[in-house]
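Colleague: Input: one structure, supplied below.
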Amino acid sequence: MEVRARAPGKIILAGEHAVVHGSAAVAASIGLYTSVSLRLPSSDVDNDDTLTLHLMDVGLEFSWPIGRIKEILPHSVNNDASSPTTCSEETIKFILTVLEDFNIPEANIGIASGVVSFLWLYTSILGNKAAKVIVSSELPLGSGLGSSAAFCVSLSGAMLALSGSVEVDFDQDGWVSFGEKAQQLANKWAFEGEKIIHGKPSGIDNTVSTFGNLIKFKSGALTCIKSNMTLKMLITNTKVGRNTKALVASVAERKKRHPDAMTSVFAAVDFISNEFASIIQSSSNFDDDVTNNEQRISELMEMNQGLLRCMGVSHTSIETVLQTTAKYDLTSKLTGAGGGGCVLTLLPALLSATVIDKVIGELEQDGFQCLVAEIGGNGLEFRFDRRS
Ligand SMILES: Nc1ncnc2c1ncn2[C@@H]1O[C@H](COP(=O)(O)OP(=O)(O)OP(=O)(O)O)[C@@H](O)[C@H]1O
Ligand SMILES: C[C@@](O)(CCO)CC(=O)[O-]
Ligand SMILES: [Mg+2]
């Protein structure tokens, strides 16, 4: 039997990093997905008694005999899909040493934490069943668009769908959402996966990937934002690689060194995110209101970027994007963990297509990659392939 699941990436409109320290943040899902195909053997002939993980985006395949899985992760014998549990530091370190056998190329070394996350989720949710799992993504990996969360959410969704622990309708055609209870459980498991990749995640990325749309998030609590404002953002990928875990840890270190100053920075971000959320929530479609709201949002983005600089997570490539877009009177801020990765630029509703083309042309000439993605679409979805 085969199930497919997909989960979207995200942009953070305001509040990244500060959200890890209890401030509010605003995020939206984007129409770029990570997809998982999970196939359990349907007959003994099919069953070669191995667990295989194929990561298409990096061209790597991992495979373990089920006997080895039981040795590495003995909890797989008594797994309980209904109660999400945290993988201990000790177990993470142990699995990382086991993965040394695969000689993961240096350029893809960050993938190891994704594989640990996969193994933890798989053995916790499906125990030690043989299976073939294939992951592919439309998202750039490690660029601030929530690829790690989309990875963990889509895996958790596919695994839960075949676990027997959530109700799923096998008879529906096309992509369907899970019921609320199953969504909550997938989100909790994905958070456990994110902990392995991020160290200390706030939970905003897995939450927006699971539930989709526009959300405000603070101290683990989600508020859905209903907005009729058409927010248009240009996403520019600086293509400078970075690692969210290291950046989150560096902000925590800075907070230890300057607790009062950093607490004030986080408090300022909290005000910015709350104001951002209330503007997009209350917006009307009258031209004057739209322009006024866009000006306010643009100022909040500028302030948020300044505070992200205070946290030490901007980068020369990000500053170059900011300077280029400023030439066209456009405001930008980094999105996600920063340190490279992606930058958002607000595209006002009345901005002409000619100007947009010019900005994109100039950014691409600098070697950056521009993406235009739909904001605020669906979250986690699944579908069954009845032929298998
Ligand atoms: N499609 C994928 N295939 C394999 N591993 C993936 C995939 N997507 C994400 N990962 C894992 O997630 C890691 C990247 O996560 P990281 O949190 O650093 O970046 P991000 O999630 O793209 O950005 P941000 O957290 O700032 O939104 C990869 O190194 C890998 O371990
Ligand atoms: C940098 C951060 O705030 C967002 C990464 O997309 C980390 C997190 O909230 O887990
Ligand atoms: Mg991430």
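Just remember, in the structure tokens the first chain shown is A, the second B, etc., residues are 1-based per chain, and ligands are 1-based in the order shown.
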Any residue with an atom at most 8 Å from ligand 1 counts, using only C-alpha atoms and all ligand atoms. Which are they? Put them as an NGL selection string.

Modeller: :A and (9-11 or 34 or 55-58 or 108-115 or 135-137 or 139-152 or 194 or 197-198 or 205 or 242-245 or 335-338 or 341)

Colleague: I want to know what sits within 10 Å of Gln183 of chain A, based on only C-alpha atoms, with residues of the same chain fewer than 2 positions away left out; could you give that as a VMD selection string?

Modeller: chain A and resid 153 156 to 157 160 166 177 to 181 185 to 189 207 210 to 211 379 to 381

Colleague: Set the distance at 7 Å and use only C-alpha atoms: which residues neighbour Ile66 of chain A once local chain neighbours fewer than 6 positions away are removed? I'd like the list as an MDAnalysis selection string.

Modeller: chainID A and resid 49:51 128 130

Colleague: Given only C-alpha atoms as the basis, pick out the residue of A:Ser88, A:Thr291, A:Gln281, A:Asn237 nearest to Thr320 of chain A.

Modeller: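 Nearest candidate to Thr320 of chain A out of A:Ser88, A:Thr291, A:Gln281, A:Asn237: A:Asn237.
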
Colleague: Give the alpha helix (DSSP H) residues of segment 295-334 of chain A, as assigned by DSSP on the backbone, as a count of residues only.

Modeller: 27

Colleague: Please give the complete set of residues from segment 69-275 of chain A that DSSP, run on the backbone, assigns to strand (DSSP E), formatted as a PyMOL selection string.

Modeller: chain A and resi 131-137+176-177+214-218+221-224+233-237

Colleague: Mind dumping the selected residues with C-alpha atoms as a short mmCIF file (atom, residue, chain, number, x, y, z; two decimals), in the first residue's frame?

Modeller:
data_model
loop_
_atom_site.label_atom_id
_atom_site.label_comp_id
_atom_site.auth_asym_id
_atom_site.auth_seq_id
_atom_site.Cartn_x
_atom_site.Cartn_y
_atom_site.Cartn_z
CA ALA A 131 9.07 0.19 3.77
CA LYS A 132 10.33 2.31 0.92
CA VAL A 133 10.17 6.08 1.49
CA ILE A 134 10.89 8.69 -1.17
CA VAL A 135 11.17 12.43 -0.38
CA SER A 136 11.32 15.26 -2.92
CA SER A 137 10.86 18.98 -2.56
CA VAL A 176 -7.21 15.72 1.11
CA SER A 177 -6.58 17.33 4.48
CA LEU A 214 -1.66 32.90 7.68
CA ILE A 215 -0.92 32.52 11.37
CA LYS A 216 0.24 34.45 14.40
CA PHE A 217 2.29 32.30 16.76
CA LYS A 218 3.45 33.02 20.30
CA ALA A 221 0.00 28.98 20.66
CA LEU A 222 -1.43 29.49 17.20
CA THR A 223 -3.96 32.13 16.13
CA CYS A 224 -5.37 31.93 12.59
CA MET A 233 6.03 39.36 -1.66
CA LEU A 234 9.00 38.72 -3.89
CA ILE A 235 11.23 35.99 -2.46
CA THR A 236 14.92 36.30 -3.29
CA ASN A 237 17.23 33.40 -2.54
#

Colleague: Show which residues sit within 10 Å of Leu60 of chain A, as a PDB file with N, CA and C atoms, in the first residue's frame. Count only C-alpha atoms, and ignore same-chain residues fewer than 6 positions away.

Modeller:
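Contents of result_19.pdb, freshly written:
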ATOM      1  N   LEU A  53      15.267   4.788   2.506  1.00  0.00           N
ATOM      2  CA  LEU A  53      14.928   6.213   2.409  1.00  0.00           C
ATOM      3  C   LEU A  53      15.673   6.793   1.219  1.00  0.00           C
ATOM      4  N   HIS A  54      14.900   7.315   0.262  1.00  0.00           N
ATOM      5  CA  HIS A  54      15.520   7.919  -0.924  1.00  0.00           C
ATOM      6  C   HIS A  54      15.285   9.431  -0.873  1.00  0.00           C
ATOM      7  N   PHE A 102      27.576   5.551   5.941  1.00  0.00           N
ATOM      8  CA  PHE A 102      27.092   5.912   4.599  1.00  0.00           C
ATOM      9  C   PHE A 102      27.991   6.923   3.886  1.00  0.00           C
ATOM     10  N   ILE A 104      28.324  10.209   3.958  1.00  0.00           N
ATOM     11  CA  ILE A 104      27.569  11.317   3.350  1.00  0.00           C
ATOM     12  C   ILE A 104      28.574  12.369   2.870  1.00  0.00           C
ATOM     13  N   PRO A 105      28.488  12.812   1.597  1.00  0.00           N
ATOM     14  CA  PRO A 105      29.469  13.800   1.114  1.00  0.00           C
ATOM     15  C   PRO A 105      29.480  15.060   1.979  1.00  0.00           C
ATOM     16  N   ASN A 108      26.918  17.730   1.724  1.00  0.00           N
ATOM     17  CA  ASN A 108      25.543  17.424   2.165  1.00  0.00           C
ATOM     18  C   ASN A 108      25.481  17.004   3.623  1.00  0.00           C
ATOM     19  N   ILE A 111      22.459  17.012   5.897  1.00  0.00           N
ATOM     20  CA  ILE A 111      21.398  16.040   5.636  1.00  0.00           C
ATOM     21  C   ILE A 111      21.334  14.996   6.751  1.00  0.00           C
TER      22      ILE A 111
END

Colleague: Would you please work out which residue, of A:Arg4, A:Arg39, A:His21, A:Lys200, is nearest to ligand 3 when using only C-alpha atoms and all ligand atoms?

Modeller: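 Looking only at the distances to ligand 3, the closest residue turns out to be A:Lys200.
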
Colleague: Counting only C-alpha atoms and all ligand atoms, figure out which residue out of A:Ser23, A:Thr331, A:Asn292, A:Gln184 gets nearest to ligand 2.

Modeller: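 Selected residue with least distance to ligand 2: A:Ser23.
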
Colleague: Do a neighbour search on Leu350 of chain A at 12 Å with only C-alpha atoms, toss out local chain neighbours closer than 5 positions, and write the hits as a list in words.

Modeller: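 The residues satisfying every condition are Thr230, Leu231, Lys232, Asp287, Asp288, Val290, Thr291, Glu294, Val355 and Ile356 of chain A.
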
Colleague: Output C-alpha atoms for every residue in the selection just made, as a compact mmCIF listing (two decimals), in the first residue's frame.

Modeller:
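That gives us part-v9.txt:
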# COMPACT_ATOMS: atom_id res chain seq x y z
CA THR A 230 -3.56 40.71 -1.04
CA LEU A 231 -0.01 40.52 0.24
CA LYS A 232 2.47 40.24 -2.61
CA ASP A 287 -7.25 51.96 -2.55
CA ASP A 288 -6.36 54.55 0.12
CA VAL A 290 -4.41 49.52 0.88
CA THR A 291 -1.70 52.12 0.28
CA GLU A 294 1.28 48.84 2.76
CA VAL A 355 9.35 47.81 -12.21
CA ILE A 356 8.96 44.29 -10.83

Colleague: Rank A:Gly31, A:Gly361, A:Pro8, A:Pro65 by their smallest atom-to-atom distance to Ala373 of chain A, using only C-alpha atoms, and report the top residue only.

Modeller: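 Selected residue with least distance to Ala373 of chain A: A:Gly31.
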
Colleague: Measure the distance from atom CA of Ser227 of chain A to atom CA of Arg309 of chain A in Å and round it to one decimal.

Modeller: 28.9 Å
